[in-house]
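A.B. asks: Handing over final_18.txt, compact mmCIF, C-alpha atoms and all ligand atoms.
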# COMPACT_ATOMS: atom_id res chain seq x y z
CA MET A 28 79.77 97.73 74.73
CA GLU A 29 83.36 96.54 74.53
CA LYS A 30 85.22 95.93 77.78
CA GLU A 31 86.72 99.05 79.32
CA ILE A 32 90.22 99.03 80.78
CA TYR A 33 90.82 101.61 83.49
CA PHE A 34 94.53 102.32 83.95
CA ASP A 35 94.09 105.74 85.63
CA ASN A 36 93.89 104.73 89.28
CA SER A 37 96.23 107.47 90.49
CA ALA A 38 93.63 110.01 89.38
CA THR A 39 90.88 108.19 91.25
CA THR A 40 89.65 104.65 91.93
CA PRO A 41 86.27 102.94 91.76
CA VAL A 42 84.65 102.59 95.19
CA TYR A 43 84.59 99.09 96.68
CA ARG A 44 81.11 97.52 96.51
CA GLU A 45 81.22 96.96 100.32
CA VAL A 46 82.14 100.62 100.85
CA ALA A 47 79.32 101.87 98.63
CA ASP A 48 76.83 99.56 100.43
CA LEU A 49 77.97 100.76 103.84
CA MET A 50 77.80 104.41 102.76
CA HIS A 51 74.32 103.89 101.33
CA GLU A 52 73.14 102.28 104.56
CA THR A 53 74.69 105.13 106.56
CA MET A 54 72.98 107.77 104.42
CA ILE A 55 69.51 106.32 104.72
CA ARG A 56 69.53 104.73 108.19
CA ASN A 57 72.47 105.86 110.29
CA PHE A 58 72.08 109.45 109.08
CA GLY A 59 72.40 111.18 112.45
CA ASN A 60 74.60 114.15 113.27
CA PRO A 61 77.42 112.95 115.56
CA SER A 62 76.90 116.08 117.71
CA SER A 63 73.24 115.21 118.49
CA LEU A 64 72.66 113.88 121.99
CA HIS A 65 70.04 111.27 121.02
CA LYS A 66 70.48 107.71 119.79
CA LYS A 67 70.77 108.69 116.12
CA GLY A 68 73.63 111.03 116.96
CA ILE A 69 75.37 108.47 119.13
CA GLN A 70 75.13 105.82 116.38
CA ALA A 71 76.70 108.22 113.89
CA GLU A 72 79.43 109.12 116.37
CA GLN A 73 80.13 105.43 116.92
CA GLY A 74 80.50 104.96 113.15
CA VAL A 75 83.03 107.81 113.00
CA ASN A 76 84.97 106.50 115.99
CA HIS A 77 85.06 103.00 114.54
CA ALA A 78 86.59 104.40 111.35
CA ARG A 79 89.07 106.38 113.46
CA LYS A 80 90.22 103.18 115.13
CA ILE A 81 90.67 101.43 111.77
CA LEU A 82 92.78 104.32 110.45
CA ALA A 83 94.83 104.41 113.65
CA ALA A 84 95.46 100.66 113.51
CA ALA A 85 96.51 100.84 109.85
CA LEU A 86 98.98 103.64 110.61
CA GLU A 87 100.03 102.14 113.97
CA VAL A 88 99.15 105.36 115.84
CA LYS A 89 96.58 106.39 118.46
CA PRO A 90 92.95 107.01 117.44
CA GLU A 91 93.09 110.50 118.99
CA GLU A 92 95.83 111.38 116.47
CA ILE A 93 93.45 110.86 113.50
CA TYR A 94 91.51 113.88 112.12
CA PHE A 95 89.00 113.45 109.31
CA THR A 96 89.14 115.92 106.41
CA SER A 97 87.72 116.22 102.90
CA GLY A 98 90.79 114.65 101.25
CA GLY A 99 94.44 115.02 100.41
CA THR A 100 94.27 118.68 99.40
CA GLU A 101 92.67 119.75 102.66
CA SER A 102 95.02 117.60 104.77
CA ASN A 103 98.06 119.11 103.03
CA ASN A 104 96.75 122.66 103.52
CA MET A 105 95.80 121.99 107.13
CA ALA A 106 99.23 120.56 107.95
CA ILE A 107 101.41 123.17 106.24
CA LYS A 108 99.42 126.33 106.94
CA GLY A 109 98.39 125.04 110.36
CA ILE A 110 101.92 124.34 111.61
CA CYS A 111 103.39 127.55 110.16
CA LEU A 112 100.68 129.81 111.59
CA ALA A 113 100.81 128.22 115.04
CA ASN A 114 104.60 128.15 115.35
CA LYS A 115 105.82 131.33 113.60
CA SER A 116 108.02 132.25 116.54
CA ARG A 117 110.00 129.01 116.18
CA GLY A 118 111.24 129.64 112.64
CA ASN A 119 110.22 130.83 109.19
CA HIS A 120 111.99 128.38 106.91
CA ILE A 121 110.28 125.52 105.08
CA ILE A 122 112.03 122.76 103.12
CA THR A 123 110.16 120.81 100.45
CA SER A 124 110.91 119.33 97.01
CA ASN A 125 110.29 120.61 93.51
CA VAL A 126 108.10 117.61 92.57
CA GLU A 127 105.32 118.00 95.16
CA HIS A 128 101.63 117.94 94.31
CA PRO A 129 100.04 121.37 93.60
CA SER A 130 98.08 121.08 96.87
CA VAL A 131 101.45 121.45 98.60
CA LEU A 132 103.37 123.67 96.14
CA ASN A 133 100.64 126.28 95.75
CA VAL A 134 100.35 126.69 99.54
CA TYR A 135 103.90 128.07 99.60
CA ASP A 136 102.98 131.17 97.55
CA HIS A 137 100.66 132.07 100.39
CA MET A 138 103.26 131.22 103.06
CA GLU A 139 105.86 133.38 101.27
CA GLU A 140 103.45 136.32 101.34
CA LEU A 141 103.30 135.81 105.10
CA GLY A 142 107.09 136.03 105.40
CA PHE A 143 108.12 132.36 105.22
CA ARG A 144 111.13 131.31 103.16
CA VAL A 145 110.89 128.12 101.10
CA SER A 146 113.81 125.96 99.93
CA PHE A 147 113.36 123.22 97.34
CA LEU A 148 115.22 119.92 97.30
CA HIS A 149 116.09 118.87 93.76
CA VAL A 150 115.36 115.44 92.43
CA GLN A 151 117.83 113.31 90.49
CA GLU A 152 116.97 111.93 87.05
CA ASN A 153 115.11 109.04 88.69
CA GLY A 154 112.79 111.54 90.44
CA VAL A 155 114.18 110.87 93.91
CA VAL A 156 115.48 113.61 96.25
CA ASP A 157 118.97 113.42 97.68
CA ALA A 158 118.65 113.26 101.46
CA ASP A 159 122.18 114.73 101.81
CA GLU A 160 120.97 117.97 100.20
CA LEU A 161 118.53 118.25 103.08
CA LYS A 162 121.41 118.30 105.57
CA GLU A 163 122.85 121.31 103.73
CA LEU A 164 119.53 123.19 103.72
CA LEU A 165 118.60 122.67 107.38
CA CYS A 166 119.33 125.78 109.45
CA HIS A 167 118.43 127.41 112.76
CA ASP A 168 115.26 128.90 111.21
CA THR A 169 113.91 125.66 109.73
CA LEU A 170 110.42 124.97 111.04
CA LEU A 171 109.05 122.36 108.64
CA VAL A 172 110.10 119.72 106.14
CA SER A 173 107.28 118.56 103.87
CA LEU A 174 107.73 115.74 101.35
CA MET A 175 105.55 113.36 99.39
CA HIS A 176 106.04 109.62 99.76
CA VAL A 177 105.15 108.45 96.23
CA ASN A 178 105.11 110.89 93.33
CA ASN A 179 101.77 110.90 91.53
CA GLU A 180 103.30 111.38 88.06
CA SER A 181 106.47 109.26 88.07
CA GLY A 182 105.78 106.82 90.92
CA ALA A 183 109.20 107.62 92.45
CA ILE A 184 109.42 106.73 96.15
CA GLN A 185 111.14 109.33 98.33
CA PRO A 186 113.49 108.34 101.19
CA ILE A 187 110.91 109.22 103.87
CA GLN A 188 112.47 107.09 106.61
CA GLU A 189 115.97 108.39 105.94
CA VAL A 190 114.74 112.00 106.12
CA GLY A 191 112.97 111.14 109.40
CA GLU A 192 116.28 109.85 110.81
CA ILE A 193 118.10 113.04 109.75
CA LEU A 194 115.45 115.17 111.45
CA LYS A 195 115.53 113.03 114.62
CA ASP A 196 119.31 113.56 114.84
CA TYR A 197 119.10 117.31 114.16
CA HIS A 198 119.81 119.39 117.24
CA LYS A 199 116.53 121.36 116.97
CA LYS A 200 112.93 120.20 116.55
CA VAL A 201 111.86 120.46 112.91
CA TYR A 202 108.29 119.38 112.10
CA TYR A 203 107.91 116.73 109.44
CA HIS A 204 104.88 116.43 107.14
CA VAL A 205 104.47 113.64 104.57
CA ASP A 206 101.89 113.46 101.77
CA THR A 207 101.07 109.73 101.52
CA VAL A 208 98.08 110.18 99.20
CA GLN A 209 99.64 107.88 96.57
CA SER A 210 101.23 105.37 98.95
CA PHE A 211 98.96 104.70 101.91
CA GLY A 212 97.16 101.36 101.53
CA LYS A 213 99.86 100.12 99.14
CA LEU A 214 103.25 100.65 100.76
CA PRO A 215 104.03 100.44 104.50
CA VAL A 216 103.40 103.84 106.11
CA LEU A 217 104.51 104.14 109.76
CA PRO A 218 104.46 107.75 110.93
CA ASP A 219 105.32 107.17 114.56
CA LYS A 220 108.30 104.92 113.82
CA TRP A 221 109.55 107.16 111.01
CA GLY A 222 109.43 110.38 113.05
CA ILE A 223 106.58 111.97 111.08
CA ASP A 224 104.46 114.62 112.83
CA MET A 225 101.75 115.11 110.19
CA LEU A 226 100.62 112.88 107.37
CA SER A 227 97.98 113.23 104.62
CA VAL A 228 95.69 110.50 103.29
CA SER A 229 92.96 110.63 100.62
CA GLY A 230 90.00 108.23 100.48
CA HIS A 231 89.29 108.23 96.75
CA LYS A 232 92.75 106.97 95.85
CA LEU A 233 92.13 103.72 97.72
CA HIS A 234 88.59 102.79 96.70
CA GLY A 235 86.92 105.05 99.27
CA SER A 236 84.70 107.97 98.25
CA LYS A 237 85.73 111.38 97.01
CA GLY A 238 85.58 114.05 99.72
CA SER A 239 87.07 111.82 102.42
CA GLY A 240 90.54 112.02 103.89
CA VAL A 241 92.67 112.07 107.00
CA LEU A 242 95.32 114.15 108.65
CA TYR A 243 97.43 112.25 111.16
CA LEU A 244 98.69 114.72 113.76
CA ARG A 245 101.21 113.47 116.32
CA LYS A 246 99.95 114.04 119.85
CA GLY A 247 101.26 117.35 121.22
CA THR A 248 101.79 118.94 117.76
CA ARG A 249 100.18 122.35 117.74
CA ILE A 250 98.53 123.58 114.53
CA LYS A 251 96.16 126.46 113.84
CA ALA A 252 92.70 125.48 112.65
CA LEU A 253 91.86 126.80 109.18
CA VAL A 254 88.08 126.46 109.58
CA GLU A 255 86.33 127.85 112.66
CA GLY A 256 82.87 126.78 113.67
CA GLY A 257 81.21 124.18 115.87
CA GLY A 258 84.49 122.74 117.11
CA GLN A 259 84.31 119.25 115.58
CA GLU A 260 87.48 117.13 115.32
CA LYS A 261 88.83 118.58 118.56
CA ARG A 262 88.37 122.14 117.25
CA LEU A 263 90.81 121.60 114.39
CA ARG A 264 88.28 120.94 111.65
CA SER A 265 84.87 122.43 112.31
CA GLY A 266 81.85 121.40 110.27
CA THR A 267 79.42 118.50 110.57
CA GLU A 268 81.35 115.33 109.86
CA ASN A 269 80.96 113.62 106.46
CA VAL A 270 79.74 110.48 108.22
CA PRO A 271 79.10 108.33 105.09
CA GLY A 272 82.50 109.29 103.65
CA ILE A 273 84.26 108.61 106.95
CA VAL A 274 82.71 105.19 107.60
CA GLY A 275 83.32 104.34 103.95
CA LEU A 276 86.97 105.35 104.30
CA GLY A 277 87.27 103.11 107.36
CA LYS A 278 85.90 100.16 105.41
CA ALA A 279 88.11 100.90 102.38
CA VAL A 280 91.21 100.99 104.58
CA GLU A 281 90.21 97.78 106.34
CA LEU A 282 89.90 96.04 102.97
CA ALA A 283 93.08 97.58 101.55
CA MET A 284 95.17 96.55 104.55
CA LYS A 285 93.80 93.01 104.69
CA ASP A 286 95.19 92.04 101.27
CA ARG A 287 97.80 94.76 100.84
CA GLU A 288 100.76 92.55 99.99
CA GLU A 289 98.79 90.44 97.56
CA HIS A 290 97.47 93.56 95.82
CA VAL A 291 100.96 95.01 95.56
CA LYS A 292 102.28 91.82 93.93
CA LYS A 293 99.45 91.88 91.40
CA MET A 294 99.94 95.54 90.51
CA ALA A 295 103.74 95.11 90.26
CA ALA A 296 103.30 92.19 87.84
CA ILE A 297 100.88 94.22 85.71
CA ARG A 298 103.27 97.18 85.67
CA GLU A 299 106.32 95.15 84.76
CA THR A 300 104.55 93.20 82.02
CA LEU A 301 102.99 96.32 80.55
CA ALA A 302 106.36 98.10 80.47
CA SER A 303 108.01 95.25 78.58
CA ARG A 304 105.08 94.73 76.19
CA ILE A 305 104.99 98.43 75.34
CA LYS A 306 108.77 98.42 74.82
CA GLU A 307 108.30 95.57 72.30
CA GLN A 308 105.60 97.56 70.49
CA VAL A 309 107.39 100.93 70.62
CA PRO A 310 111.14 100.32 70.95
CA ASP A 311 111.99 104.05 71.06
CA CYS A 312 109.70 104.82 74.00
CA LYS A 313 111.35 106.03 77.23
CA ILE A 314 110.32 104.57 80.56
CA ASN A 315 110.35 107.31 83.21
CA SER A 316 109.46 105.15 86.24
CA ASN A 317 111.87 103.15 88.37
CA PHE A 318 111.97 99.37 88.66
CA ASP A 319 114.18 99.13 91.74
CA ASP A 320 113.11 99.88 95.33
CA THR A 321 112.52 103.54 94.40
CA GLY A 322 109.58 102.69 92.13
CA ALA A 323 105.97 102.34 93.33
CA PRO A 324 104.18 99.18 92.12
CA HIS A 325 101.17 101.00 90.67
CA ILE A 326 102.52 103.86 88.52
CA LEU A 327 104.19 103.62 85.10
CA ASN A 328 105.15 106.76 83.22
CA ILE A 329 106.32 106.39 79.61
CA SER A 330 107.30 108.96 76.96
CA PHE A 331 106.47 108.36 73.31
CA PRO A 332 108.72 110.66 71.25
CA GLY A 333 107.07 112.69 68.51
CA ILE A 334 103.58 112.07 69.92
CA LYS A 335 101.30 114.50 71.77
CA SER A 336 100.10 112.66 74.86
CA GLU A 337 96.57 114.15 74.70
CA VAL A 338 96.16 112.81 71.17
CA LEU A 339 97.39 109.34 72.18
CA LEU A 340 95.10 109.43 75.24
CA HIS A 341 92.05 110.01 73.02
CA TYR A 342 93.15 107.30 70.58
CA LEU A 343 93.29 104.83 73.47
CA GLU A 344 89.94 106.06 74.74
CA GLN A 345 88.38 104.96 71.44
CA ASP A 346 89.48 101.41 72.34
CA GLY A 347 87.91 101.79 75.82
CA ILE A 348 91.30 102.34 77.53
CA TYR A 349 91.64 105.12 80.10
CA VAL A 350 95.03 106.60 81.00
CA SER A 351 96.36 110.00 81.95
CA SER A 352 98.64 112.50 80.25
CA GLY A 353 100.97 113.68 83.00
CA SER A 354 99.02 114.07 86.23
CA ALA A 355 95.25 114.53 86.21
CA CYS A 356 95.61 117.56 88.48
CA SER A 357 97.77 119.46 86.02
CA ALA A 358 96.83 117.75 82.76
CA ARG A 359 94.30 120.43 81.76
CA LYS A 360 96.53 123.40 82.45
CA GLY A 361 98.45 122.97 79.24
CA LYS A 362 101.92 123.57 80.61
CA LEU A 363 104.71 121.06 80.81
CA SER A 364 104.82 118.93 83.93
CA HIS A 365 106.93 120.39 86.76
CA VAL A 366 107.74 116.82 87.86
CA LEU A 367 109.10 115.68 84.51
CA THR A 368 110.91 119.03 84.09
CA ALA A 369 112.61 118.43 87.45
CA MET A 370 113.65 114.97 86.18
CA HIS A 371 115.37 116.65 83.16
CA LEU A 372 113.17 115.18 80.44
CA THR A 373 113.32 116.97 77.09
CA ASP A 374 110.24 118.98 75.99
CA GLU A 375 109.48 116.31 73.40
CA GLU A 376 109.63 113.56 76.04
CA MET A 377 107.34 115.53 78.33
CA GLU A 378 104.83 116.32 75.59
CA GLY A 379 104.57 112.62 74.79
CA SER A 380 104.33 111.31 78.33
CA ILE A 381 101.53 108.99 79.46
CA ARG A 382 100.84 107.75 82.98
CA PHE A 383 99.38 104.27 83.39
CA SER A 384 98.28 103.60 86.98
CA PHE A 385 96.85 100.41 88.41
CA SER A 386 94.76 99.06 91.23
CA TYR A 387 94.20 95.54 92.49
CA MET A 388 90.98 95.55 90.43
CA ASN A 389 93.01 95.39 87.20
CA GLU A 390 93.97 92.06 85.66
CA LEU A 391 97.13 90.84 83.95
CA GLU A 392 95.00 89.93 80.91
CA GLU A 393 94.38 93.64 80.36
CA VAL A 394 98.04 94.25 79.54
CA VAL A 395 98.18 92.75 76.03
CA PRO A 396 95.22 94.70 74.55
CA VAL A 397 96.59 97.92 76.06
CA ALA A 398 100.12 97.37 74.74
CA GLU A 399 98.75 96.48 71.27
CA SER A 400 96.48 99.49 71.23
CA VAL A 401 99.37 101.77 72.25
CA GLY A 402 101.59 100.25 69.54
CA LYS A 403 98.93 100.69 66.86
CA ALA A 404 98.15 104.26 67.90
CA VAL A 405 101.80 105.32 68.10
CA ARG A 406 102.58 103.86 64.65
CA GLU A 407 99.57 105.64 63.13
CA LEU A 408 100.41 108.93 64.78
CA GLN A 409 104.09 108.70 63.83
CA GLN A 410 103.08 108.11 60.21
CA LEU A 411 100.79 111.14 60.28
CA THR A 412 103.64 113.31 61.53
CA GLY A 413 106.08 111.85 59.03
CA ARG A 414 108.15 110.09 61.71
CA GLY A 415 107.04 106.55 61.00
C1 LIG B 501 100.35 113.17 95.80
C2 LIG B 501 99.00 113.79 95.90
N1 LIG B 501 98.72 114.62 96.92
C3 LIG B 501 97.51 115.19 97.06
C4 LIG B 501 96.50 114.96 96.17
C5 LIG B 501 95.16 115.60 96.36
O1 LIG B 501 94.26 114.69 96.93
P1 LIG B 501 92.66 114.94 96.84
O2 LIG B 501 92.28 114.66 95.44
O3 LIG B 501 92.10 113.96 97.82
O4 LIG B 501 92.43 116.33 97.26
C6 LIG B 501 96.74 114.12 95.07
C7 LIG B 501 95.70 113.90 94.03
O5 LIG B 501 95.97 113.47 92.94
C8 LIG B 501 98.01 113.50 94.95
O6 LIG B 501 98.29 112.66 93.94
The structure given in the file should be rewritten as structure tokens.
Ligand SMILES: Cc1ncc(COP(=O)(O)O)c(C=O)c1O
C.D. replies:
Amino acid sequence: MEKEIYFDNSATTPVYREVADLMHETMIRNFGNPSSLHKKGIQAEQGVNHARKILAAALEVKPEEIYFTSGGTESNNMAIKGICLANKSRGNHIITSNVEHPSVLNVYDHMEELGFRVSFLHVQENGVVDADELKELLCHDTLLVSLMHVNNESGAIQPIQEVGEILKDYHKKVYYHVDTVQSFGKLPVLPDKWGIDMLSVSGHKLHGSKGSGVLYLRKGTRIKALVEGGGQEKRLRSGTENVPGIVGLGKAVELAMKDREEHVKKMAAIRETLASRIKEQVPDCKINSNFDDTGAPHILNISFPGIKSEVLLHYLEQDGIYVSSGSACSARKGKLSHVLTAMHLTDEEMEGSIRFSFSYMNELEEVVPVAESVGKAVRELQQLTGRG
């Protein structure tokens, strides 16, 4: 079989070998229930607590502020619904942006039914919100600001620290939630220093397993539990802990943090080289990701005018190259991306948009075959549609 090139790491990543080995060992040997009083239970509990310490160290917070969940979607739901339901009397206004992940945006329909009012920050053409607009939207009723750190479709980095400063200076307490599913393990993420009260992490985006995640909850922040039961995770997330997933997440984070800067340099070089090689192959393509300090090192979104991205995706697949059309979460729904719409792309640019996303496991040598394959496919497709 020819070599496969996986450039879809924002959809999910392969699990580290060390993580898979540790999870396997946990499943067959250290399989206890952390609530059991005997040795097997205590061993499992120790594994969970060890992972909690690793997560806390990576985020520079206290271990008791780390809650394990099933992933980014659950953490986002737990934070937004949890804070609103527990603090209704303090305000009913939520501020967010119009480029959030569906696991944030779709929660607001439910919150609006419950009487909350939601305001959306707009993004500029580079996909970044304007922090000054936030100052205009804040009002006496504002309870929560929820923003993503890195956008999963464009790779745009939001001014998370600046927003934290604005909220610190505001005369009334406003809770601050940040979705760091696409940034944690790659960019610095410092919730305590940046004034963040709640923060979401997902294991499978950083070489951990699917079904593992974290909600950081600043000590003293009151949220309502969404799942009632045996009272695990200090009563905020009942259900027997996913011990293999949790210990695996701990290991994945340990490995990601150890070589973080080196990995970032490698991914940034791959991204930059791929962008310029593709531009040589397809001069009329449009690069939708940023190459200044508002662009994440691992996401490259490019529009190929006159091409349908799904068709191009399957062409590339025939050469063993895996990419995404728009975001994997919305790619199958058949409507134009809300993120690219917010960035004012034309319909044609959106229809022809491809996301390439990298991990440290990719190599610079993979760039040339991908760029050549893209060039060949685009020329063929443009000829078929009479554009070539
Ligand atoms: C920015 C962002 N938030 C949340 C999620 C959901 O995370 P999970 O797949 O762990 O539920 C994703 C997944 O793509 C994402 O990109």
A.B. asks: For CA of Met54 in chain A and CA of Val274 in chain A, quote the distance in Å rounded to one decimal.
C.D. replies: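 Separating CA of Met54 in chain A from CA of Val274 in chain A is a distance of 10.6 Å.
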A.B. asks: For ligand LIG 501 (chain B), which of A:Thr267, A:Ser239, A:Asn317, A:Gln151 is the closest residue, counting all atoms listed in the file?
C.D. replies: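 Counting all atoms listed in the file, the residue closest to ligand LIG 501 (chain B) is A:Ser239.
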A.B. asks: How many Å lie between CA of Ile81 in chain A and CA of Ile273 in chain A, rounded to one decimal?
C.D. replies: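 So the answer is 10.8 Å.
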A.B. asks: What residues of the protein or nucleic acid chains come within 6 Å of ligand LIG 501 (chain B) when you use only C-alpha atoms and all ligand atoms? Reply as a list in words.
C.D. replies: Ala38, Gly98, Gly99, Thr100, His128, Ser130, Asn178, Asn179, Asp206, Val208, Gln209 and Ser229 of chain A
A.B. asks: Taking all atoms listed in the file into account, which of A:Glu152, A:Glu376, A:Asp319, A:Glu281 comes nearest Glu299 in chain A?
C.D. replies: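 Smallest separation from Glu299 in chain A among the options: A:Asp319.
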A.B. asks: Check which residues of range 219-277 of chain A sit at most 10 Å from range 386-402 of chain A using all atoms listed in the file, and return one row each with the closest pair of atoms and their distance in Å to one decimal, ordered by chain and rising number, as JSON lines.
C.D. replies:
{"residue": "A:Lys232", "atom": "CA", "partner": "A:Ser386", "partner_atom": "CA", "distance": 9.4}
{"residue": "A:Leu233", "atom": "CA", "partner": "A:Ser386", "partner_atom": "CA", "distance": 8.4}
{"residue": "A:His234", "atom": "CA", "partner": "A:Ser386", "partner_atom": "CA", "distance": 9.1}
A.B. asks: Can you tell me which residues surround range 329-334 of chain A at a distance of at most 6 Å, considering only C-alpha atoms, apart from same-chain residues fewer than 2 positions away, and format the answer as a list in words?
C.D. replies: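 So, after excluding close chain neighbours, the residues are Cys312, Lys313, Ile314, Asn315, Glu376, Gly379, Ser380 and Ile381 of chain A.
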A.B. asks: May I have the residues within 9 Å of Ser62 in chain A as a short mmCIF file (atom, residue, chain, number, x, y, z; two decimals) with C-alpha atoms, keeping the file's coordinate frame, using all atoms listed in the file and disregarding those fewer than 6 positions away in the same chain?
C.D. replies:
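The file below, around25.cif, is the result:
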data_model
loop_
_atom_site.label_atom_id
_atom_site.label_comp_id
_atom_site.auth_asym_id
_atom_site.auth_seq_id
_atom_site.Cartn_x
_atom_site.Cartn_y
_atom_site.Cartn_z
CA GLY A 68 73.63 111.03 116.96
CA ILE A 69 75.37 108.47 119.13
CA ALA A 71 76.70 108.22 113.89
CA GLU A 72 79.43 109.12 116.37
CA GLN A 259 84.31 119.25 115.58
CA THR A 267 79.42 118.50 110.57
#
A.B. asks: What gap, in Å, lies between CA of Lys261 in chain A and CA of Val46 in chain A?
C.D. replies: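 According to the coordinates, CA of Lys261 in chain A and CA of Val46 in chain A are separated by 26.1 Å.
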A.B. asks: Measuring atom to atom with only C-alpha atoms, identify which of A:Lys80, A:His290, A:Lys278, A:Lys162 is nearest to Gly235 in chain A.
C.D. replies: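 Going through A:Lys80, A:His290, A:Lys278, A:Lys162 one by one, the smallest distance to Gly235 in chain A is for A:Lys278.
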A.B. asks: Find the spatial neighbours of Leu217 in chain A, counting all atoms listed in the file, within a cut-off of 9 Å - ignore same-chain residues fewer than 5 positions away - and output them as a ChimeraX atom specification.
C.D. replies: /A:85-88,222-223
A.B. asks: From the set A:Leu148, A:Val291, A:Val270, A:Ala283, which residue has the shortest atom-to-atom contact distance to Phe58 in chain A, counting all atoms listed in the file?
C.D. replies: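 The answer is A:Val270, which sits nearest to Phe58 in chain A.
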A.B. asks: Using all atoms listed in the file, which of the listed residues (A:His371, A:His231, A:Arg287, A:Lys293) sits closest to Leu214 in chain A?
C.D. replies: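 Nearest candidate to Leu214 in chain A out of A:His371, A:His231, A:Arg287, A:Lys293: A:Arg287.
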A.B. asks: Each residue of range 365-410 of chain A with at least one atom at most 9 Å from range 350-354 of chain A should appear once, together with its nearest atom pair and the corresponding distance in Å (one decimal); atoms considered: all atoms listed in the file; ordering: chain, then increasing residue number; output as CSV.
C.D. replies:
residue,atom,partner,partner_atom,distance
A:Val366,CA,A:Gly353,CA,8.9
A:Leu367,CA,A:Gly353,CA,8.5
A:Met377,CA,A:Gly353,CA,8.1
A:Glu378,CA,A:Ser352,CA,8.6
A:Gly379,CA,A:Ser352,CA,8.1
A:Ser380,CA,A:Ser352,CA,6.1
A:Ile381,CA,A:Ser352,CA,4.6
A:Arg382,CA,A:Ser351,CA,5.1
A:Phe383,CA,A:Val350,CA,5.5
A:Ser384,CA,A:Val350,CA,7.4
A.B. asks: Excluding Ala302 in chain A and its own-chain neighbours fewer than 4 positions away, which residues fall within 8 Å of it when counting all atoms listed in the file? Please give them as number ranges by chain.
C.D. replies: A: 298, 306, 314, 327
A.B. asks: For Met225 in chain A, which residue out of A:Gly277, A:Gly212, A:Gly258, A:Gly109 is the nearest one, using all atoms listed in the file?
C.D. replies: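 Residue with the minimum atom-to-atom distance to Met225 in chain A: A:Gly109.
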A.B. asks: Axis-aligned box over every listed atom of range 68-87 of chain A, padded by 6 Å per side: centre and edges in Å to one decimal, as lines of an AutoDock Vina configuration file?
C.D. replies:
center_x = 86.8
center_y = 105.8
center_z = 114.5
size_x = 38.4
size_y = 22.4
size_z = 21.3
A.B. asks: Contacts of Glu92 in chain A at 7 Å or less, counting only C-alpha atoms, minus same-chain residues fewer than 4 places along, as number ranges by chain?
C.D. replies: A: 88, 243-246
A.B. asks: Please write as an mmCIF file with C-alpha atoms, keeping the file's coordinate frame the list of polymer residues whose atoms come within 7 Å of (112.6, 128.4, 107.3), counting all atoms listed in the file and keeping to the coordinates of the file.
C.D. replies:
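Final file, result-v2.cif:
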data_model
loop_
_atom_site.group_PDB
_atom_site.id
_atom_site.type_symbol
_atom_site.label_atom_id
_atom_site.label_comp_id
_atom_site.auth_asym_id
_atom_site.auth_seq_id
_atom_site.Cartn_x
_atom_site.Cartn_y
_atom_site.Cartn_z
ATOM 1 C CA GLY A 118 111.240 129.640 112.640
ATOM 2 C CA ASN A 119 110.220 130.830 109.190
ATOM 3 C CA HIS A 120 111.990 128.380 106.910
ATOM 4 C CA ILE A 121 110.280 125.520 105.080
ATOM 5 C CA PHE A 143 108.120 132.360 105.220
ATOM 6 C CA ARG A 144 111.130 131.310 103.160
ATOM 7 C CA VAL A 145 110.890 128.120 101.100
ATOM 8 C CA ASP A 168 115.260 128.900 111.210
ATOM 9 C CA THR A 169 113.910 125.660 109.730
ATOM 10 C CA LEU A 170 110.420 124.970 111.040
#
